[in-house]
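J.: Next up, protein_2.cif (mmCIF, C-alpha atoms and all ligand atoms).
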```cif
data_upload
#
loop_
_atom_site.label_atom_id
_atom_site.label_comp_id
_atom_site.auth_asym_id
_atom_site.auth_seq_id
_atom_site.Cartn_x
_atom_site.Cartn_y
_atom_site.Cartn_z
CA MET A 1 -42.58 215.92 53.14
CA ASP A 2 -41.67 218.72 50.80
CA LEU A 3 -39.10 217.19 48.53
CA GLY A 4 -39.18 219.03 45.31
CA ARG A 5 -40.28 221.71 42.98
CA PRO A 6 -43.69 221.97 41.31
CA CYS A 7 -44.50 219.96 38.20
CA VAL A 8 -42.94 221.23 34.97
CA ILE A 9 -43.36 220.39 31.32
CA ILE A 10 -40.53 218.26 29.94
CA THR A 11 -39.77 216.06 27.01
CA GLU A 12 -38.97 212.43 27.65
CA GLN A 13 -38.64 209.17 25.86
CA MET A 14 -40.96 206.24 26.13
CA PHE A 15 -40.00 202.76 25.01
CA ALA A 16 -42.52 200.17 23.95
CA GLN A 17 -42.10 196.94 21.97
CA GLY A 18 -38.72 198.08 20.69
CA GLU A 19 -39.93 201.46 19.42
CA THR A 20 -38.75 204.80 20.70
CA MET A 21 -41.12 207.73 20.86
CA THR A 22 -40.58 211.24 22.06
CA LEU A 23 -43.43 212.62 24.10
CA THR A 24 -44.09 215.86 25.86
CA ARG A 25 -45.83 215.48 29.14
CA VAL A 26 -46.10 216.78 32.67
CA GLU A 27 -43.18 215.67 34.80
CA PRO A 28 -43.96 214.64 38.34
CA ASP A 29 -42.23 216.53 41.12
CA ALA A 30 -39.50 214.86 43.19
CA GLN A 31 -41.90 213.48 45.74
CA GLN A 32 -44.10 211.95 43.05
CA LYS A 33 -41.05 210.51 41.29
CA LEU A 34 -39.88 209.07 44.56
CA ALA A 35 -43.19 207.33 45.08
CA ILE A 36 -43.12 205.90 41.53
CA LEU A 37 -39.47 204.89 41.35
CA ALA A 38 -39.36 203.47 44.84
CA GLU A 39 -42.44 201.37 44.19
CA GLU A 40 -40.75 199.97 41.09
CA ALA A 41 -37.61 199.11 43.03
CA ALA A 42 -39.66 196.95 45.38
CA ASP A 43 -38.57 193.68 43.75
CA GLU A 44 -34.93 194.34 44.52
CA VAL A 45 -34.05 192.44 47.67
CA ALA A 46 -32.19 194.87 49.88
CA ASP A 47 -29.76 193.87 52.57
CA THR A 48 -31.81 191.54 54.69
CA PRO A 49 -30.28 189.45 57.43
CA VAL A 50 -30.12 185.75 56.74
CA GLY A 51 -31.95 182.63 57.80
CA GLN A 52 -35.22 182.27 59.61
CA GLU A 53 -35.59 185.99 60.12
CA LEU A 54 -35.84 186.45 56.41
CA GLN A 55 -39.59 186.48 56.09
CA ASN A 56 -40.13 189.40 58.41
CA SER A 57 -36.76 191.03 58.72
CA ILE A 58 -37.38 193.77 56.22
CA HIS A 59 -40.58 195.68 55.81
CA LYS A 60 -41.86 198.82 54.28
CA ALA A 61 -41.68 201.46 56.98
CA GLN A 62 -43.15 204.19 54.78
CA ASP A 63 -43.55 204.64 51.05
CA SER A 64 -40.15 203.97 49.50
CA ILE A 65 -38.40 203.43 52.85
CA TYR A 66 -37.51 199.94 54.02
CA GLU A 67 -36.50 199.00 57.51
CA ALA A 68 -34.05 196.12 57.84
CA LYS A 69 -32.59 194.45 60.90
CA GLN A 70 -28.83 194.65 61.05
CA GLN A 71 -26.75 191.60 61.88
CA GLN A 72 -25.01 193.49 64.67
CA GLY A 73 -28.40 194.48 66.12
CA GLY A 74 -30.69 197.46 65.62
CA THR A 75 -32.42 198.47 62.43
CA THR A 76 -31.55 200.61 59.47
CA LYS A 77 -33.86 202.49 57.12
CA LEU A 78 -33.02 202.35 53.43
CA LEU A 79 -34.38 204.45 50.64
CA LYS A 80 -34.72 201.91 47.82
CA VAL A 81 -35.18 203.66 44.51
CA LEU A 82 -34.56 203.52 40.76
CA GLN A 83 -32.68 206.23 38.90
CA THR A 84 -35.09 205.63 36.04
CA SER A 85 -37.90 203.23 35.21
CA ALA A 86 -37.13 203.50 31.49
CA CYS A 87 -35.34 200.47 30.07
CA ARG A 88 -34.22 199.27 26.67
CA TYR A 89 -34.36 195.61 27.70
CA ALA A 90 -37.35 193.28 27.54
CA CYS A 91 -36.91 191.00 30.53
CA ARG A 92 -40.10 188.99 30.51
CA TYR A 93 -40.93 189.22 34.19
CA CYS A 94 -40.17 192.92 34.73
CA PHE A 95 -42.57 195.85 34.77
CA SER A 96 -39.80 198.17 33.58
CA SER A 97 -39.38 196.06 30.42
CA CYS A 98 -39.64 198.01 27.16
CA ALA A 99 -42.27 195.45 26.11
CA VAL A 100 -44.69 197.02 28.61
CA ARG A 101 -46.33 200.13 27.19
CA ARG A 102 -46.45 202.64 30.02
CA LYS A 103 -45.17 205.95 31.32
CA ARG A 104 -41.59 206.13 32.55
CA THR A 105 -40.10 208.30 35.23
CA THR A 106 -36.51 209.44 35.65
CA PHE A 107 -34.60 211.21 38.38
CA LYS A 108 -31.85 213.58 37.33
CA PRO A 109 -28.75 212.89 39.45
CA ASP A 110 -28.87 216.19 41.36
CA GLU A 111 -32.58 215.83 41.95
CA LEU A 112 -32.25 212.33 43.39
CA ALA A 113 -29.24 213.31 45.51
CA THR A 114 -31.10 216.32 46.89
CA THR A 115 -34.18 214.24 47.59
CA PHE A 116 -32.16 211.63 49.43
CA ILE A 117 -30.14 214.11 51.45
CA SER A 118 -33.30 215.91 52.48
CA LEU A 119 -34.72 212.66 53.81
CA HIS A 120 -31.43 211.78 55.49
CA ARG A 121 -31.07 215.13 57.22
CA ARG A 122 -34.54 214.71 58.63
CA ARG A 123 -33.56 211.23 59.81
CA HIS A 124 -36.18 209.54 57.68
CA VAL A 125 -33.52 207.31 56.10
CA ASP A 126 -30.06 205.98 57.05
CA GLY A 127 -28.91 204.66 53.69
CA LEU A 128 -29.50 204.46 49.96
CA PHE A 129 -30.14 201.44 47.72
CA LEU A 130 -29.87 202.66 44.13
CA SER A 131 -30.83 200.61 41.10
CA SER A 132 -31.99 201.57 37.61
CA GLY A 133 -33.56 200.60 34.33
CA ILE A 134 -31.04 200.66 31.48
CA VAL A 135 -31.43 203.44 28.95
CA PRO A 136 -30.12 204.24 26.40
CA ASP A 137 -27.15 201.99 27.26
CA ALA A 138 -25.22 200.59 30.18
CA ASP A 139 -22.57 203.30 30.42
CA THR A 140 -24.99 206.22 30.23
CA THR A 141 -27.09 204.61 32.95
CA MET A 142 -24.10 204.04 35.20
CA GLU A 143 -22.90 207.57 34.55
CA LYS A 144 -26.17 208.94 35.95
CA MET A 145 -26.15 206.64 38.95
CA LEU A 146 -22.54 207.53 39.68
CA ALA A 147 -23.30 211.24 39.29
CA THR A 148 -25.99 210.82 41.96
CA VAL A 149 -23.60 209.05 44.30
CA GLU A 150 -20.74 211.47 43.60
CA ARG A 151 -22.98 214.39 44.43
CA LEU A 152 -23.85 212.73 47.73
CA ARG A 153 -20.30 211.79 48.62
CA LEU A 154 -18.35 214.77 47.28
CA GLN A 155 -20.75 217.72 47.50
CA GLU A 156 -23.16 216.82 50.25
CA GLY A 157 -20.53 215.16 52.45
CA TYR A 158 -22.71 212.09 52.90
CA SER A 159 -20.62 209.20 54.26
CA GLY A 160 -23.42 206.77 55.14
CA TYR A 161 -24.43 203.50 53.57
CA ILE A 162 -24.84 203.21 49.79
CA HIS A 163 -25.66 200.00 47.94
CA LEU A 164 -25.15 200.59 44.23
CA LYS A 165 -26.31 198.25 41.49
CA LEU A 166 -23.85 197.62 38.68
CA ILE A 167 -25.33 197.66 35.21
CA PRO A 168 -24.73 194.62 32.97
CA GLY A 169 -22.33 195.54 30.17
CA ALA A 170 -20.96 198.67 31.88
CA SER A 171 -17.36 199.63 31.08
CA PHE A 172 -14.52 198.89 33.47
CA GLU A 173 -14.01 202.50 34.55
CA TYR A 174 -17.62 202.78 35.72
CA ILE A 175 -17.38 199.55 37.70
CA GLU A 176 -14.16 200.88 39.20
CA ARG A 177 -15.79 204.16 40.22
CA ALA A 178 -18.77 202.33 41.72
CA VAL A 179 -16.44 200.18 43.83
CA GLN A 180 -14.66 203.34 45.03
CA LEU A 181 -17.85 205.14 46.07
CA ALA A 182 -20.29 202.54 47.39
CA ASP A 183 -20.33 200.39 50.52
CA ARG A 184 -21.82 197.48 48.66
CA VAL A 185 -22.04 196.80 44.93
CA SER A 186 -24.12 194.13 43.27
CA LEU A 187 -25.15 192.93 39.85
CA ASN A 188 -28.24 190.80 39.41
CA LEU A 189 -27.41 187.60 37.53
CA GLU A 190 -31.18 186.82 37.56
CA ALA A 191 -30.60 183.24 36.36
CA PRO A 192 -28.00 180.57 37.12
CA ASN A 193 -26.67 180.27 33.56
CA ALA A 194 -26.99 181.54 30.00
CA GLU A 195 -29.65 178.99 29.04
CA ARG A 196 -32.00 180.00 31.87
CA LEU A 197 -31.25 183.67 31.38
CA ALA A 198 -32.44 183.38 27.76
CA VAL A 199 -35.88 182.41 29.09
CA LEU A 200 -36.08 185.36 31.47
CA ALA A 201 -34.23 188.05 29.58
CA PRO A 202 -33.70 187.15 25.92
CA ASP A 203 -31.57 190.18 25.12
CA LYS A 204 -29.18 189.91 28.04
CA GLU A 205 -25.85 188.09 27.87
CA PHE A 206 -24.59 186.10 30.85
CA ALA A 207 -20.87 185.46 30.58
CA GLU A 208 -19.45 188.75 29.30
CA SER A 209 -21.82 191.45 30.39
CA MET A 210 -22.83 190.00 33.75
CA TRP A 211 -20.38 187.46 35.20
CA GLN A 212 -17.38 189.33 33.82
CA ARG A 213 -18.54 192.60 35.43
CA LEU A 214 -18.96 190.86 38.77
CA ALA A 215 -15.46 189.44 38.36
CA TRP A 216 -14.07 192.93 37.68
CA ALA A 217 -15.77 194.26 40.79
CA ALA A 218 -14.46 191.34 42.84
CA GLU A 219 -10.91 191.94 41.64
CA LEU A 220 -11.16 195.70 42.27
CA ILE A 221 -12.40 195.09 45.82
CA ARG A 222 -9.64 192.54 46.44
CA ARG A 223 -6.96 194.91 45.16
CA ALA A 224 -8.26 197.85 47.16
CA ARG A 225 -8.28 195.76 50.33
CA ALA A 226 -4.74 194.55 49.70
CA GLU A 227 -3.62 198.18 49.29
CA SER A 228 -5.77 199.42 52.23
CA ARG A 229 -7.71 201.70 49.93
CA GLN A 230 -11.33 202.76 50.41
CA ALA A 231 -13.64 200.41 48.51
CA ALA A 232 -16.97 198.64 48.68
CA ARG A 233 -16.96 196.13 51.50
CA SER A 234 -19.02 193.50 49.73
CA LEU A 235 -20.33 192.13 46.48
CA THR A 236 -23.72 190.46 46.10
CA THR A 237 -26.05 189.19 43.41
CA GLN A 238 -29.73 188.34 43.05
CA PHE A 239 -31.68 185.60 41.29
CA VAL A 240 -35.29 185.37 40.19
CA VAL A 241 -36.55 181.99 41.38
CA GLY A 242 -39.18 179.91 39.62
CA ALA A 243 -39.69 181.65 36.28
CA ALA A 244 -37.15 179.93 34.03
CA GLY A 245 -37.56 176.27 34.98
CA GLU A 246 -34.25 176.34 36.82
CA SER A 247 -33.56 173.82 39.60
CA ASP A 248 -32.28 174.63 43.08
CA ARG A 249 -29.16 172.66 42.20
CA GLU A 250 -28.43 174.93 39.21
CA LEU A 251 -28.92 178.05 41.32
CA LEU A 252 -26.75 176.79 44.14
CA GLU A 253 -24.00 175.57 41.80
CA THR A 254 -23.75 179.10 40.43
CA VAL A 255 -23.85 180.55 43.95
CA GLN A 256 -21.03 178.24 45.04
CA ARG A 257 -18.98 179.22 42.00
CA ALA A 258 -19.58 182.89 42.85
CA HIS A 259 -18.52 182.36 46.45
CA ARG A 260 -15.31 180.67 45.33
CA GLU A 261 -14.35 182.71 42.28
CA LEU A 262 -15.72 186.14 43.21
CA GLY A 263 -15.74 186.11 47.00
CA LEU A 264 -19.46 186.84 46.79
CA ARG A 265 -20.78 187.91 50.20
CA ARG A 266 -24.42 186.98 49.68
CA ALA A 267 -26.81 185.72 47.05
CA TYR A 268 -30.35 187.03 47.22
CA PHE A 269 -33.29 185.05 45.93
CA SER A 270 -36.52 186.62 44.81
CA ALA A 271 -39.46 184.22 44.38
CA PHE A 272 -41.10 184.99 41.06
CA HIS A 273 -44.49 186.65 41.17
CA PRO A 274 -46.35 187.56 38.00
CA ILE A 275 -46.75 191.23 37.11
CA GLU A 276 -49.61 192.52 35.01
CA ARG A 277 -48.93 193.35 31.36
CA THR A 278 -45.61 191.48 31.26
CA PRO A 279 -45.20 188.36 29.08
CA PHE A 280 -45.08 186.27 32.28
CA ALA A 281 -48.30 187.75 33.67
CA GLU A 282 -50.15 184.43 33.50
CA MET A 283 -47.42 182.30 35.07
CA PRO A 284 -47.97 181.02 38.61
CA ALA A 285 -46.12 182.69 41.48
CA GLU A 286 -43.27 180.74 43.04
CA ASP A 287 -43.69 179.33 46.56
CA PRO A 288 -41.92 181.69 49.02
CA LEU A 289 -40.86 178.61 50.97
CA ARG A 290 -38.59 177.68 48.05
CA GLN A 291 -36.90 181.06 48.44
CA LEU A 292 -36.37 180.41 52.16
CA ARG A 293 -34.87 176.94 51.53
CA LEU A 294 -32.45 178.45 49.02
CA TYR A 295 -31.30 181.00 51.58
CA GLN A 296 -30.79 178.24 54.13
CA ALA A 297 -28.84 176.16 51.61
CA GLU A 298 -26.67 179.15 50.72
CA ILE A 299 -25.77 179.50 54.39
CA LEU A 300 -24.69 175.85 54.44
CA LEU A 301 -22.39 176.52 51.49
CA ARG A 302 -21.00 179.77 52.81
CA ASP A 303 -20.76 179.32 56.57
CA TYR A 304 -20.86 175.56 57.19
CA GLY A 305 -18.38 174.27 54.64
CA PHE A 306 -20.93 172.21 52.68
CA ASN A 307 -20.44 171.49 48.99
CA VAL A 308 -23.38 171.62 46.56
CA SER A 309 -22.80 167.93 45.78
CA GLU A 310 -23.57 167.12 49.44
CA LEU A 311 -26.90 168.94 49.54
CA PRO A 312 -30.05 166.78 49.62
CA PHE A 313 -31.72 167.42 46.25
CA ASP A 314 -34.47 165.27 44.79
CA GLU A 315 -34.31 163.85 41.26
CA ALA A 316 -35.45 167.17 39.80
CA GLY A 317 -32.64 168.98 41.61
CA LEU A 318 -34.98 170.59 44.15
CA LEU A 319 -34.60 170.91 47.92
CA ALA A 320 -37.30 169.59 50.23
CA ARG A 321 -39.80 172.27 51.27
CA ASP A 322 -41.05 170.61 54.48
CA LYS A 323 -37.71 170.67 56.30
CA THR A 324 -34.54 172.72 56.28
CA PRO A 325 -31.69 171.53 54.02
CA LYS A 326 -29.65 170.69 57.12
CA GLN A 327 -32.47 168.59 58.60
CA ALA A 328 -32.83 166.77 55.27
CA TRP A 329 -29.06 166.20 55.11
CA ALA A 330 -28.97 164.86 58.68
CA GLU A 331 -31.82 162.44 57.94
CA GLN A 332 -29.89 161.12 54.94
CA HIS A 333 -26.68 160.67 56.95
CA PRO A 334 -27.59 158.69 60.10
CA GLN A 335 -24.02 157.32 60.18
CA CYS A 336 -22.80 160.84 61.14
CA PHE A 337 -24.89 160.91 64.35
CA PRO A 338 -25.22 161.09 67.30
CA VAL A 339 -22.63 163.79 67.99
CA GLU A 340 -21.10 164.03 71.48
CA VAL A 341 -21.41 167.69 72.47
CA ASN A 342 -18.61 167.44 75.04
CA SER A 343 -15.92 166.42 72.56
CA ALA A 344 -17.05 166.96 68.95
CA PRO A 345 -15.03 169.44 66.89
CA ARG A 346 -16.76 172.57 65.61
CA HIS A 347 -17.36 171.21 62.10
CA ARG A 348 -19.24 168.23 63.54
CA LEU A 349 -21.29 170.34 65.94
CA ILE A 350 -22.55 172.61 63.17
CA GLN A 351 -23.75 169.59 61.17
CA VAL A 352 -26.42 169.08 63.85
CA PRO A 353 -29.78 170.70 62.97
CA GLY A 354 -30.42 173.45 65.51
CA ILE A 355 -26.73 174.20 66.16
CA GLY A 356 -25.37 177.19 64.24
CA PRO A 357 -21.82 178.58 64.25
CA ARG A 358 -22.48 180.87 67.22
CA ALA A 359 -24.08 178.12 69.34
CA ALA A 360 -21.18 175.79 68.43
CA GLU A 361 -18.68 178.39 69.64
CA ARG A 362 -20.63 178.84 72.88
CA ILE A 363 -20.69 175.06 73.41
CA ILE A 364 -16.92 174.83 72.88
CA ALA A 365 -16.34 177.68 75.35
CA ALA A 366 -18.79 176.24 77.91
CA ARG A 367 -17.35 172.73 77.90
CA ARG A 368 -13.91 174.09 78.84
CA GLU A 369 -15.50 174.99 82.18
CA THR A 370 -18.01 172.21 82.70
CA THR A 371 -19.47 168.97 81.38
CA ILE A 372 -22.69 169.41 79.43
CA ARG A 373 -25.14 166.88 80.78
CA ASP A 374 -28.62 168.14 79.96
CA LEU A 375 -30.63 169.92 77.32
CA SER A 376 -31.36 172.96 79.47
CA GLN A 377 -27.63 173.81 79.38
CA LEU A 378 -27.67 173.61 75.60
CA SER A 379 -30.82 175.68 75.36
CA LYS A 380 -29.08 178.49 77.27
CA LEU A 381 -26.22 178.31 74.74
CA GLY A 382 -28.58 179.02 71.84
CA VAL A 383 -29.27 175.48 70.58
CA THR A 384 -32.74 174.78 69.12
CA ILE A 385 -33.48 171.75 71.26
CA ARG A 386 -36.41 170.32 69.35
CA TRP A 387 -34.26 170.03 66.23
CA ALA A 388 -30.96 169.08 67.82
CA ALA A 389 -31.95 166.55 70.51
CA PRO A 390 -32.33 163.48 68.26
CA TYR A 391 -28.81 163.97 66.96
CA LEU A 392 -26.89 164.44 70.23
CA LEU A 393 -25.09 162.60 72.96
CA LEU A 394 -24.71 164.35 76.33
CA ASN A 395 -21.72 162.94 78.14
CA GLY A 396 -22.27 159.55 76.51
CA ARG A 397 -26.05 159.48 76.97
CA ARG A 398 -28.86 160.28 74.60
CA PRO A 399 -31.01 163.07 75.98
CA PRO A 400 -34.46 161.95 77.27
CA ILE A 401 -36.34 163.69 74.49
CA GLN A 402 -34.43 161.51 72.04
CA LEU A 403 -36.23 158.36 73.19
CA SER A 404 -39.48 159.53 71.67
CA LEU A 405 -37.92 161.01 68.55
CA TRP A 406 -35.17 158.55 67.57
S1 LIG A 501 -32.77 195.25 32.53
FE1 LIG A 501 -33.60 195.38 34.60
S2 LIG A 501 -35.08 197.06 34.54
FE2 LIG A 501 -34.66 196.48 32.42
S3 LIG A 501 -36.26 195.04 31.89
FE3 LIG A 501 -34.51 193.84 32.61
S4 LIG A 501 -34.85 193.53 34.82
FE4 LIG A 501 -36.22 195.19 34.12
#
```
If you convert what's in this file into structure tokens, what do you get?
T.:
Amino acid sequence: MDLGRPCVIITEQMFAQGETMTLTRVEPDAQQKLAILAEEAADEVADTPVGQELQNSIHKAQDSIYEAKQQQGGTTKLLKVLQTSACRYACRYCFSSCAVRRKRTTFKPDELATTFISLHRRRHVDGLFLSSGIVPDADTTMEKMLATVERLRLQEGYSGYIHLKLIPGASFEYIERAVQLADRVSLNLEAPNAERLAVLAPDKEFAESMWQRLAWAAELIRRARAESRQAARSLTTQFVVGAAGESDRELLETVQRAHRELGLRRAYFSAFHPIERTPFAEMPAEDPLRQLRLYQAEILLRDYGFNVSELPFDEAGLLARDKTPKQAWAEQHPQCFPVEVNSAPRHRLIQVPGIGPRAAERIIAARRETTIRDLSQLSKLGVTIRWAAPYLLLNGRRPPIQLSLW
């Protein structure tokens, strides 16, 4: 790919341990910047479908380009990139932290927009996921990101998918512009509360600069929808899991609050993995299974009507790793089972492990036409039989498989 001009000499800033130095060095061309800044955006979780597909639903198709399955079917290719890898903050797990002495790379807005549009016109990418380090401050950073997106939308006529990160502490007018221009906006809370955030990111502030900005975005989206104006369709956030001693209960309490107060579409969880030269370099990586269980629990809160207080945590506030949260809940509530598939209301059907909202709807439609008497009928309706069978009644009878499992 020929994405840019030859290398030139520029002057740029480098941040290390709180100091600011001005250096003159050779700037990489656009293609080199893309390789660097896309690699550094790799820890941002971008638009994956939910549930069991999580582990393999998104993968690196090429350098800097990620392929994700879409919920409506098909795949989409996202360019996931940072506007800059320079940052004034010292988040302890992050390679972009100013505490890590290293070279930084920055895209100018026009340069990034041109690079993206070149890839898009050649059908290498379908959408853009744009994040950034924060330098010298939140508003300047957002200004550059918005200038990139404005160039795409207003000058290049690009109307495709854009997921734009909001910068903690950014002013209202920048949040407002981001909501007007992007399809999805998000702000990474990183931790479930101020106390845990202080462990991860000692110079970030939770309530004002993060939660408040999400609340502004939520209100702007709500207002735009009410007035049928163009606006981002969804709001998401992301947490680092396993680096601040936080429990699953703490994370999910914050997620539930965000669902209720902000209309949050999704929470993303990123299992901590240590990165060389950061203060957390020697900490153990978090078990990816914990990340998966958190996603499954979030689905129970969002789509199944569960409350955090009903979820099956252990004494440390953690979910079981060896079974799904719904399986663990069902085991703890034998009085709720078995469920008669021919008469149970939807909310009871979806409490059964192996029956999701779509399978429940298919069961309800099917039983208007016929009586469900055997497991093969349920299997055709999308039920995971090996999970569901012990919890079901089929026209008053326990299915045969249940005898060995009950
Ligand atoms: S603000 Fe973002 S980019 Fe900067 S150090 Fe923290 S996590 Fe990394």
J.: Within 7 Å of Phe269 of chain A, counting only C-alpha atoms, which residues show up once you throw out same-chain ones fewer than 4 positions away? Write them as a ChimeraX atom specification, please.
T.: /A:238-241,291
J.: Using all atoms listed in the file, determine which residues fall within 10 Å of ligand LIG 501 (chain A), then list them as a PyMOL selection string.
T.: chain A and resi 40-41+43-44+82+84-100+131-135+138+167-168+188-190+200-204+240
J.: Please report, as JSON, the centre and edge lengths in Å to one decimal of an axis-aligned box covering all listed atoms of segment 262-278 of chain A with 3 Å per side.
T.:
```
{"center_x": -32.7, "center_y": 188.8, "center_z": 40.7, "size_x": 39.9, "size_y": 15.1, "size_z": 24.9}
```
J.: Using only C-alpha atoms, can you tell me which of A:Arg101, A:Arg184, A:Arg196, A:His273 comes closest to Phe129 of chain A?
T.: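 The answer is A:Arg184, which sits nearest to Phe129 of chain A.
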J.: I'd like the neighbourhood of segment 211-224 of chain A as a ChimeraX atom specification, where a residue qualifies if any of its atoms comes within 10 Å (using all atoms listed in the file), though same-chain residues fewer than 2 positions away should be ignored.
T.: /A:166-172,175-180,185-189,193,205-209,226-237,258,261-264
J.: Would you mind putting N, CA and C atoms back on segment 80-92 of chain A and writing the result as a PDB file, in the frame of the given file?
T.:
```pdb
ATOM      1  N   LYS A  80     -34.974 202.842  48.931  1.00  0.00           N
ATOM      2  CA  LYS A  80     -34.720 201.910  47.820  1.00  0.00           C
ATOM      3  C   LYS A  80     -35.390 202.506  46.592  1.00  0.00           C
ATOM      4  N   VAL A  81     -34.613 202.854  45.600  1.00  0.00           N
ATOM      5  CA  VAL A  81     -35.180 203.660  44.510  1.00  0.00           C
ATOM      6  C   VAL A  81     -34.454 203.380  43.198  1.00  0.00           C
ATOM      7  N   LEU A  82     -35.172 203.615  42.089  1.00  0.00           N
ATOM      8  CA  LEU A  82     -34.560 203.520  40.760  1.00  0.00           C
ATOM      9  C   LEU A  82     -34.151 204.916  40.285  1.00  0.00           C
ATOM     10  N   GLN A  83     -33.041 204.968  39.553  1.00  0.00           N
ATOM     11  CA  GLN A  83     -32.680 206.230  38.900  1.00  0.00           C
ATOM     12  C   GLN A  83     -33.695 206.537  37.795  1.00  0.00           C
ATOM     13  N   THR A  84     -34.065 205.474  37.074  1.00  0.00           N
ATOM     14  CA  THR A  84     -35.090 205.630  36.040  1.00  0.00           C
ATOM     15  C   THR A  84     -35.871 204.321  35.889  1.00  0.00           C
ATOM     16  N   SER A  85     -37.122 204.432  35.515  1.00  0.00           N
ATOM     17  CA  SER A  85     -37.900 203.230  35.210  1.00  0.00           C
ATOM     18  C   SER A  85     -37.956 202.964  33.716  1.00  0.00           C
ATOM     19  N   ALA A  86     -37.232 203.775  32.930  1.00  0.00           N
ATOM     20  CA  ALA A  86     -37.130 203.500  31.490  1.00  0.00           C
ATOM     21  C   ALA A  86     -36.081 202.418  31.276  1.00  0.00           C
ATOM     22  N   CYS A  87     -36.324 201.528  30.316  1.00  0.00           N
ATOM     23  CA  CYS A  87     -35.340 200.470  30.070  1.00  0.00           C
ATOM     24  C   CYS A  87     -35.419 200.006  28.638  1.00  0.00           C
ATOM     25  N   ARG A  88     -34.261 199.736  28.064  1.00  0.00           N
ATOM     26  CA  ARG A  88     -34.220 199.270  26.670  1.00  0.00           C
ATOM     27  C   ARG A  88     -34.388 197.758  26.582  1.00  0.00           C
ATOM     28  N   TYR A  89     -34.289 197.067  27.713  1.00  0.00           N
ATOM     29  CA  TYR A  89     -34.360 195.610  27.700  1.00  0.00           C
ATOM     30  C   TYR A  89     -35.803 195.128  27.854  1.00  0.00           C
ATOM     31  N   ALA A  90     -36.006 193.862  27.495  1.00  0.00           N
ATOM     32  CA  ALA A  90     -37.350 193.280  27.540  1.00  0.00           C
ATOM     33  C   ALA A  90     -37.358 192.023  28.400  1.00  0.00           C
ATOM     34  N   CYS A  91     -36.868 192.157  29.630  1.00  0.00           N
ATOM     35  CA  CYS A  91     -36.910 191.000  30.530  1.00  0.00           C
ATOM     36  C   CYS A  91     -38.371 190.645  30.771  1.00  0.00           C
ATOM     37  N   ARG A  92     -38.695 189.377  30.641  1.00  0.00           N
ATOM     38  CA  ARG A  92     -40.100 188.990  30.510  1.00  0.00           C
ATOM     39  C   ARG A  92     -40.904 189.080  31.796  1.00  0.00           C
TER      40      ARG A  92
END
```
